[in-house]
Amino acid sequence: MRIAFLLLMVCILGMGCANCKSIEQQLDTCQKTLSDQDLIIKTKESTIRQKDQEIKEKEDSIKKLELQVIELNRRMTITSSEKGVYDERIKKVSSLVRDFIKEQIQANREFLTKVELEDFIGNELIAREYSGESGILVIDIENPVPSDGQINGIGGYFLGPTEVIVKLLRPMGNDYIITDSQKLSFEIEKAGKTYVDFENPLIVKKDDIVAFYFSKSVTAPYDSGLGTSAYLSIKDDIYENGGRIPADDLFQKNQIKRKYSLNYYGIFIQN
(Lines give C-alpha, C1' and ligand atoms only; values in the text may rest on other atoms or scores of the structure.)
Protein backbone atom coordinates (compact mmCIF):
# COMPACT_ATOMS: atom_id res chain seq x y z
CA MET A 1 0.00 0.00 0.00
CA ARG A 2 2.78 2.35 0.85
CA ILE A 3 4.47 1.68 -2.46
CA ALA A 4 1.27 2.36 -4.36
CA PHE A 5 0.72 5.64 -2.50
CA LEU A 6 4.21 6.79 -3.32
CA LEU A 7 3.74 5.98 -6.98
CA LEU A 8 0.49 7.93 -6.96
CA MET A 9 2.17 10.97 -5.40
CA VAL A 10 5.00 10.83 -7.94
CA CYS A 11 2.44 10.87 -10.77
CA ILE A 12 0.57 13.79 -9.25
CA LEU A 13 3.75 15.78 -8.77
CA GLY A 14 4.82 15.03 -12.32
CA MET A 15 1.55 16.31 -13.66
CA GLY A 16 1.87 19.48 -11.52
CA CYS A 17 5.32 20.29 -12.90
CA ALA A 18 4.00 19.99 -16.47
CA ASN A 19 1.25 22.58 -15.72
CA CYS A 20 3.77 24.94 -14.18
CA LYS A 21 5.86 24.91 -17.33
CA SER A 22 2.79 25.74 -19.42
CA ILE A 23 1.93 28.65 -17.14
CA GLU A 24 5.49 29.92 -17.27
CA GLN A 25 5.39 29.83 -21.08
CA GLN A 26 2.13 31.79 -21.10
CA LEU A 27 3.60 34.34 -18.74
CA ASP A 28 6.68 34.72 -20.93
CA THR A 29 4.43 35.21 -23.96
CA CYS A 30 2.38 37.88 -22.15
CA GLN A 31 5.52 39.69 -21.01
CA LYS A 32 6.86 39.69 -24.56
CA THR A 33 3.56 41.00 -25.89
CA LEU A 34 3.54 43.74 -23.25
CA SER A 35 7.12 44.68 -24.15
CA ASP A 36 6.18 44.88 -27.82
CA GLN A 37 3.17 47.06 -26.96
CA ASP A 38 5.35 49.33 -24.84
CA LEU A 39 7.79 49.67 -27.72
CA ILE A 40 4.97 50.53 -30.12
CA ILE A 41 3.55 53.07 -27.67
CA LYS A 42 6.92 54.69 -27.16
CA THR A 43 7.42 54.87 -30.95
CA LYS A 44 3.99 56.49 -31.39
CA GLU A 45 4.69 58.95 -28.59
CA SER A 46 7.99 59.89 -30.22
CA THR A 47 6.24 60.44 -33.55
CA ILE A 48 3.58 62.58 -31.86
CA ARG A 49 6.25 64.67 -30.13
CA GLN A 50 7.96 65.22 -33.50
CA LYS A 51 4.66 66.26 -35.09
CA ASP A 52 3.93 68.60 -32.19
CA GLN A 53 7.36 70.16 -32.65
CA GLU A 54 6.78 70.58 -36.40
CA ILE A 55 3.37 72.17 -35.74
CA LYS A 56 4.91 74.57 -33.25
CA GLU A 57 7.61 75.53 -35.77
CA LYS A 58 4.95 76.08 -38.45
CA GLU A 59 2.89 78.23 -36.08
CA ASP A 60 5.99 80.27 -35.24
CA SER A 61 6.70 80.73 -38.98
CA ILE A 62 3.09 81.82 -39.60
CA LYS A 63 3.30 84.38 -36.79
CA LYS A 64 6.55 85.76 -38.24
CA LEU A 65 4.98 85.99 -41.70
CA GLU A 66 1.90 87.74 -40.28
CA LEU A 67 4.16 90.27 -38.59
CA GLN A 68 6.04 90.79 -41.88
CA VAL A 69 2.74 91.32 -43.74
CA ILE A 70 1.64 93.89 -41.15
CA GLU A 71 4.96 95.70 -41.51
CA LEU A 72 4.79 95.63 -45.33
CA ASN A 73 1.22 97.01 -45.27
CA ARG A 74 2.39 99.79 -42.97
CA ARG A 75 5.24 100.69 -45.30
CA MET A 76 2.98 100.53 -48.38
CA THR A 77 0.49 102.87 -46.71
CA ILE A 78 3.27 105.36 -45.99
CA THR A 79 4.69 105.03 -49.51
CA SER A 80 1.24 105.48 -51.10
CA SER A 81 0.64 108.60 -49.05
CA GLU A 82 4.02 110.02 -50.02
CA LYS A 83 3.46 109.14 -53.70
CA GLY A 84 0.03 110.78 -53.61
CA VAL A 85 1.54 113.99 -52.26
CA TYR A 86 4.32 113.85 -54.88
CA ASP A 87 1.89 113.18 -57.75
CA GLU A 88 -0.34 116.02 -56.59
CA ARG A 89 2.64 118.36 -56.53
CA ILE A 90 3.66 117.27 -60.06
CA LYS A 91 0.09 117.80 -61.31
CA LYS A 92 -0.02 121.25 -59.75
CA VAL A 93 3.33 122.24 -61.28
CA SER A 94 2.30 120.85 -64.69
CA SER A 95 -0.99 122.72 -64.53
CA LEU A 96 0.76 125.98 -63.68
CA VAL A 97 3.25 125.48 -66.54
CA ARG A 98 0.45 124.72 -69.02
CA ASP A 99 -1.53 127.76 -67.91
CA PHE A 100 1.57 129.93 -68.25
CA ILE A 101 2.34 128.63 -71.75
CA LYS A 102 -1.29 129.10 -72.83
CA GLU A 103 -1.22 132.68 -71.58
CA GLN A 104 2.00 133.32 -73.52
CA ILE A 105 0.59 131.76 -76.69
CA GLN A 106 -2.62 133.78 -76.37
CA ALA A 107 -0.63 136.97 -75.79
CA ASN A 108 1.48 136.25 -78.88
CA ARG A 109 -1.62 135.58 -80.94
CA GLU A 110 -3.26 138.78 -79.80
CA PHE A 111 -0.10 140.68 -80.65
CA LEU A 112 0.16 139.08 -84.10
CA THR A 113 -3.52 139.77 -84.75
CA LYS A 114 -3.18 143.41 -83.77
CA VAL A 115 -0.23 144.00 -86.08
CA GLU A 116 -2.05 142.11 -88.88
CA LEU A 117 0.82 139.96 -90.12
CA GLU A 118 0.26 138.12 -93.41
CA ASP A 119 0.63 134.77 -91.63
CA PHE A 120 -3.07 135.12 -90.65
CA ILE A 121 -5.13 134.46 -93.77
CA GLY A 122 -8.90 134.56 -94.09
CA ASN A 123 -11.82 136.61 -92.87
CA GLU A 124 -12.11 138.96 -89.91
CA LEU A 125 -13.15 137.16 -86.73
CA ILE A 126 -16.21 139.17 -85.74
CA ALA A 127 -19.82 138.55 -84.75
CA ARG A 128 -22.05 138.12 -87.80
CA GLU A 129 -25.74 137.89 -88.57
CA TYR A 130 -26.46 134.20 -89.21
CA SER A 131 -25.63 130.90 -87.48
CA GLY A 132 -27.17 127.65 -86.28
CA GLU A 133 -26.93 125.24 -89.23
CA SER A 134 -25.32 121.79 -89.03
CA GLY A 135 -23.69 119.37 -91.46
CA ILE A 136 -21.96 122.09 -93.51
CA LEU A 137 -18.63 121.96 -95.38
CA VAL A 138 -17.26 125.51 -95.74
CA ILE A 139 -14.60 125.90 -98.47
CA ASP A 140 -12.58 129.11 -98.23
CA ILE A 141 -12.17 129.67 -101.98
CA GLU A 142 -11.51 133.38 -101.45
CA ASN A 143 -8.33 132.77 -99.41
CA PRO A 144 -6.06 130.15 -101.01
CA VAL A 145 -2.64 129.39 -99.50
CA PRO A 146 -0.34 132.21 -100.68
CA SER A 147 2.84 130.08 -100.96
CA ASP A 148 4.48 126.87 -99.83
CA GLY A 149 4.80 126.43 -96.07
CA GLN A 150 2.76 125.09 -93.19
CA ILE A 151 -0.56 125.85 -91.49
CA ASN A 152 -0.31 125.70 -87.70
CA GLY A 153 -3.95 126.18 -86.75
CA ILE A 154 -7.23 127.95 -87.34
CA GLY A 155 -9.00 130.98 -85.93
CA GLY A 156 -12.68 131.68 -85.63
CA TYR A 157 -15.32 133.70 -83.92
CA PHE A 158 -16.96 130.73 -82.19
CA LEU A 159 -20.28 130.87 -80.39
CA GLY A 160 -19.92 127.72 -78.26
CA PRO A 161 -18.31 124.27 -77.97
CA THR A 162 -17.03 123.25 -81.39
CA GLU A 163 -16.25 120.10 -83.37
CA VAL A 164 -14.70 120.75 -86.77
CA ILE A 165 -12.61 118.81 -89.29
CA VAL A 166 -10.16 121.04 -91.17
CA LYS A 167 -9.38 119.73 -94.67
CA LEU A 168 -6.68 120.67 -97.14
CA LEU A 169 -7.77 120.66 -100.80
CA ARG A 170 -5.17 120.63 -103.58
CA PRO A 171 -6.12 121.58 -107.16
CA MET A 172 -5.68 118.67 -109.56
CA GLY A 173 -6.89 119.44 -113.08
CA ASN A 174 -10.55 120.40 -112.79
CA ASP A 175 -10.91 118.67 -109.38
CA TYR A 176 -9.56 118.96 -105.87
CA ILE A 177 -7.77 116.20 -103.91
CA ILE A 178 -8.08 116.03 -100.12
CA THR A 179 -4.43 115.75 -99.00
CA ASP A 180 -4.86 116.04 -95.23
CA SER A 181 -7.41 116.42 -92.41
CA GLN A 182 -7.23 117.59 -88.82
CA LYS A 183 -10.08 116.98 -86.36
CA LEU A 184 -10.49 119.59 -83.63
CA SER A 185 -12.80 119.58 -80.62
CA PHE A 186 -12.71 122.31 -77.99
CA GLU A 187 -14.68 124.23 -75.40
CA ILE A 188 -14.86 128.00 -75.00
CA GLU A 189 -15.92 130.05 -72.00
CA LYS A 190 -17.85 132.64 -74.00
CA ALA A 191 -18.51 133.58 -77.61
CA GLY A 192 -15.61 135.39 -79.22
CA LYS A 193 -12.35 135.19 -81.10
CA THR A 194 -10.53 131.88 -80.56
CA TYR A 195 -7.37 130.32 -82.02
CA VAL A 196 -6.76 126.57 -82.00
CA ASP A 197 -3.43 124.89 -82.81
CA PHE A 198 -3.15 121.67 -84.79
CA GLU A 199 -1.48 118.72 -83.14
CA ASN A 200 0.67 118.46 -86.28
CA PRO A 201 1.06 121.31 -88.82
CA LEU A 202 -0.44 120.90 -92.30
CA ILE A 203 2.27 121.04 -94.96
CA VAL A 204 0.86 123.12 -97.81
CA LYS A 205 1.63 124.25 -101.34
CA LYS A 206 0.71 127.45 -103.11
CA ASP A 207 -2.98 127.64 -104.12
CA ASP A 208 -4.12 124.89 -101.73
CA ILE A 209 -7.61 125.53 -100.32
CA VAL A 210 -8.65 125.21 -96.67
CA ALA A 211 -12.09 123.77 -95.88
CA PHE A 212 -13.98 123.43 -92.58
CA TYR A 213 -16.48 120.60 -92.01
CA PHE A 214 -18.95 121.04 -89.15
CA SER A 215 -20.81 117.76 -88.68
CA LYS A 216 -22.77 119.26 -85.80
CA SER A 217 -23.64 122.89 -85.18
CA VAL A 218 -21.74 125.46 -87.28
CA THR A 219 -20.58 127.63 -84.41
CA ALA A 220 -18.86 130.19 -86.66
CA PRO A 221 -21.41 132.82 -87.79
CA TYR A 222 -21.64 134.23 -91.34
CA ASP A 223 -22.98 137.18 -93.30
CA SER A 224 -25.04 136.52 -96.40
CA GLY A 225 -24.38 138.05 -99.82
CA LEU A 226 -20.69 138.71 -99.10
CA GLY A 227 -17.43 136.91 -99.93
CA THR A 228 -16.89 133.95 -102.22
CA SER A 229 -16.81 131.02 -99.77
CA ALA A 230 -18.37 127.86 -101.16
CA TYR A 231 -20.38 125.63 -98.87
CA LEU A 232 -21.98 122.20 -99.15
CA SER A 233 -24.65 120.61 -97.02
CA ILE A 234 -23.54 117.04 -96.19
CA LYS A 235 -24.67 114.90 -93.26
CA ASP A 236 -21.52 112.76 -93.08
CA ASP A 237 -17.84 113.32 -93.82
CA ILE A 238 -17.83 111.72 -97.28
CA TYR A 239 -14.59 113.41 -98.38
CA GLU A 240 -11.79 111.41 -96.75
CA ASN A 241 -8.04 111.78 -97.27
CA GLY A 242 -7.11 110.96 -100.85
CA GLY A 243 -10.68 111.57 -102.01
CA ARG A 244 -11.55 113.77 -104.97
CA ILE A 245 -14.05 116.64 -105.04
CA PRO A 246 -15.23 117.75 -108.50
CA ALA A 247 -14.89 121.50 -109.00
CA ASP A 248 -18.54 121.62 -110.08
CA ASP A 249 -19.50 120.52 -106.54
CA LEU A 250 -17.75 123.56 -105.11
CA PHE A 251 -18.87 126.23 -107.56
CA GLN A 252 -22.61 125.72 -107.53
CA LYS A 253 -24.68 128.00 -109.71
CA ASN A 254 -27.01 130.49 -108.09
CA GLN A 255 -25.54 129.83 -104.62
CA ILE A 256 -25.89 132.84 -102.32
CA LYS A 257 -22.48 134.10 -101.20
CA ARG A 258 -21.42 133.77 -97.59
CA LYS A 259 -18.57 135.13 -95.48
CA TYR A 260 -17.78 133.09 -92.36
CA SER A 261 -15.77 134.30 -89.37
CA LEU A 262 -13.00 131.77 -90.05
CA ASN A 263 -9.32 132.00 -90.96
CA TYR A 264 -6.06 130.06 -90.67
CA TYR A 265 -2.50 130.90 -89.76
CA GLY A 266 0.97 129.50 -90.29
CA ILE A 267 4.38 130.09 -91.79
CA PHE A 268 4.56 130.68 -95.54
CA ILE A 269 7.64 131.07 -97.72
CA GLN A 270 7.19 134.30 -99.64
CA ASN A 271 8.69 134.13 -103.17
# chains A, B, ... in the order shown; residues from 1 in each chain; ligands from 1
call {"tool": "closest_atom_pairs", "arguments": {"of": "range 45-158 of chain A", "to": "range 228-240 of chain A", "cutoff": "7 Å", "atoms": "only C-alpha atoms", "output": "Markdown table"}}
result
| residue | atom | partner | partner_atom | distance |
| --- | --- | --- | --- | --- |
| A:Gly135 | CA | A:Lys235 | CA | 4.9 |
| A:Ile136 | CA | A:Ser233 | CA | 4.7 |
| A:Leu137 | CA | A:Leu232 | CA | 5.0 |
| A:Val138 | CA | A:Tyr231 | CA | 4.4 |
| A:Ile139 | CA | A:Ala230 | CA | 5.0 |
| A:Asp140 | CA | A:Ser229 | CA | 4.9 |
| A:Ile141 | CA | A:Ser229 | CA | 5.3 |
| A:Glu142 | CA | A:Thr228 | CA | 5.5 |
call {"tool": "closest_residue", "arguments": {"among": "A:Asn143, A:Arg75, A:Gly122, A:Thr43", "to": "Lys206 in chain A", "atoms": "only C-alpha atoms"}}
result
A:Asn143
call {"tool": "residues_around", "arguments": {"residues": "range 144-154 of chain A", "least_positions_apart": "2", "cutoff": "7 Å", "atoms": "only C-alpha atoms", "output": "number ranges by chain"}}
result
A: 141-142, 156, 195-198, 201-209, 263-270
call {"tool": "atom_distance", "arguments": {"atom1": "CA of Glu124 in chain A", "atom2": "CA of Arg258 in chain A"}}
result
13.1 Å
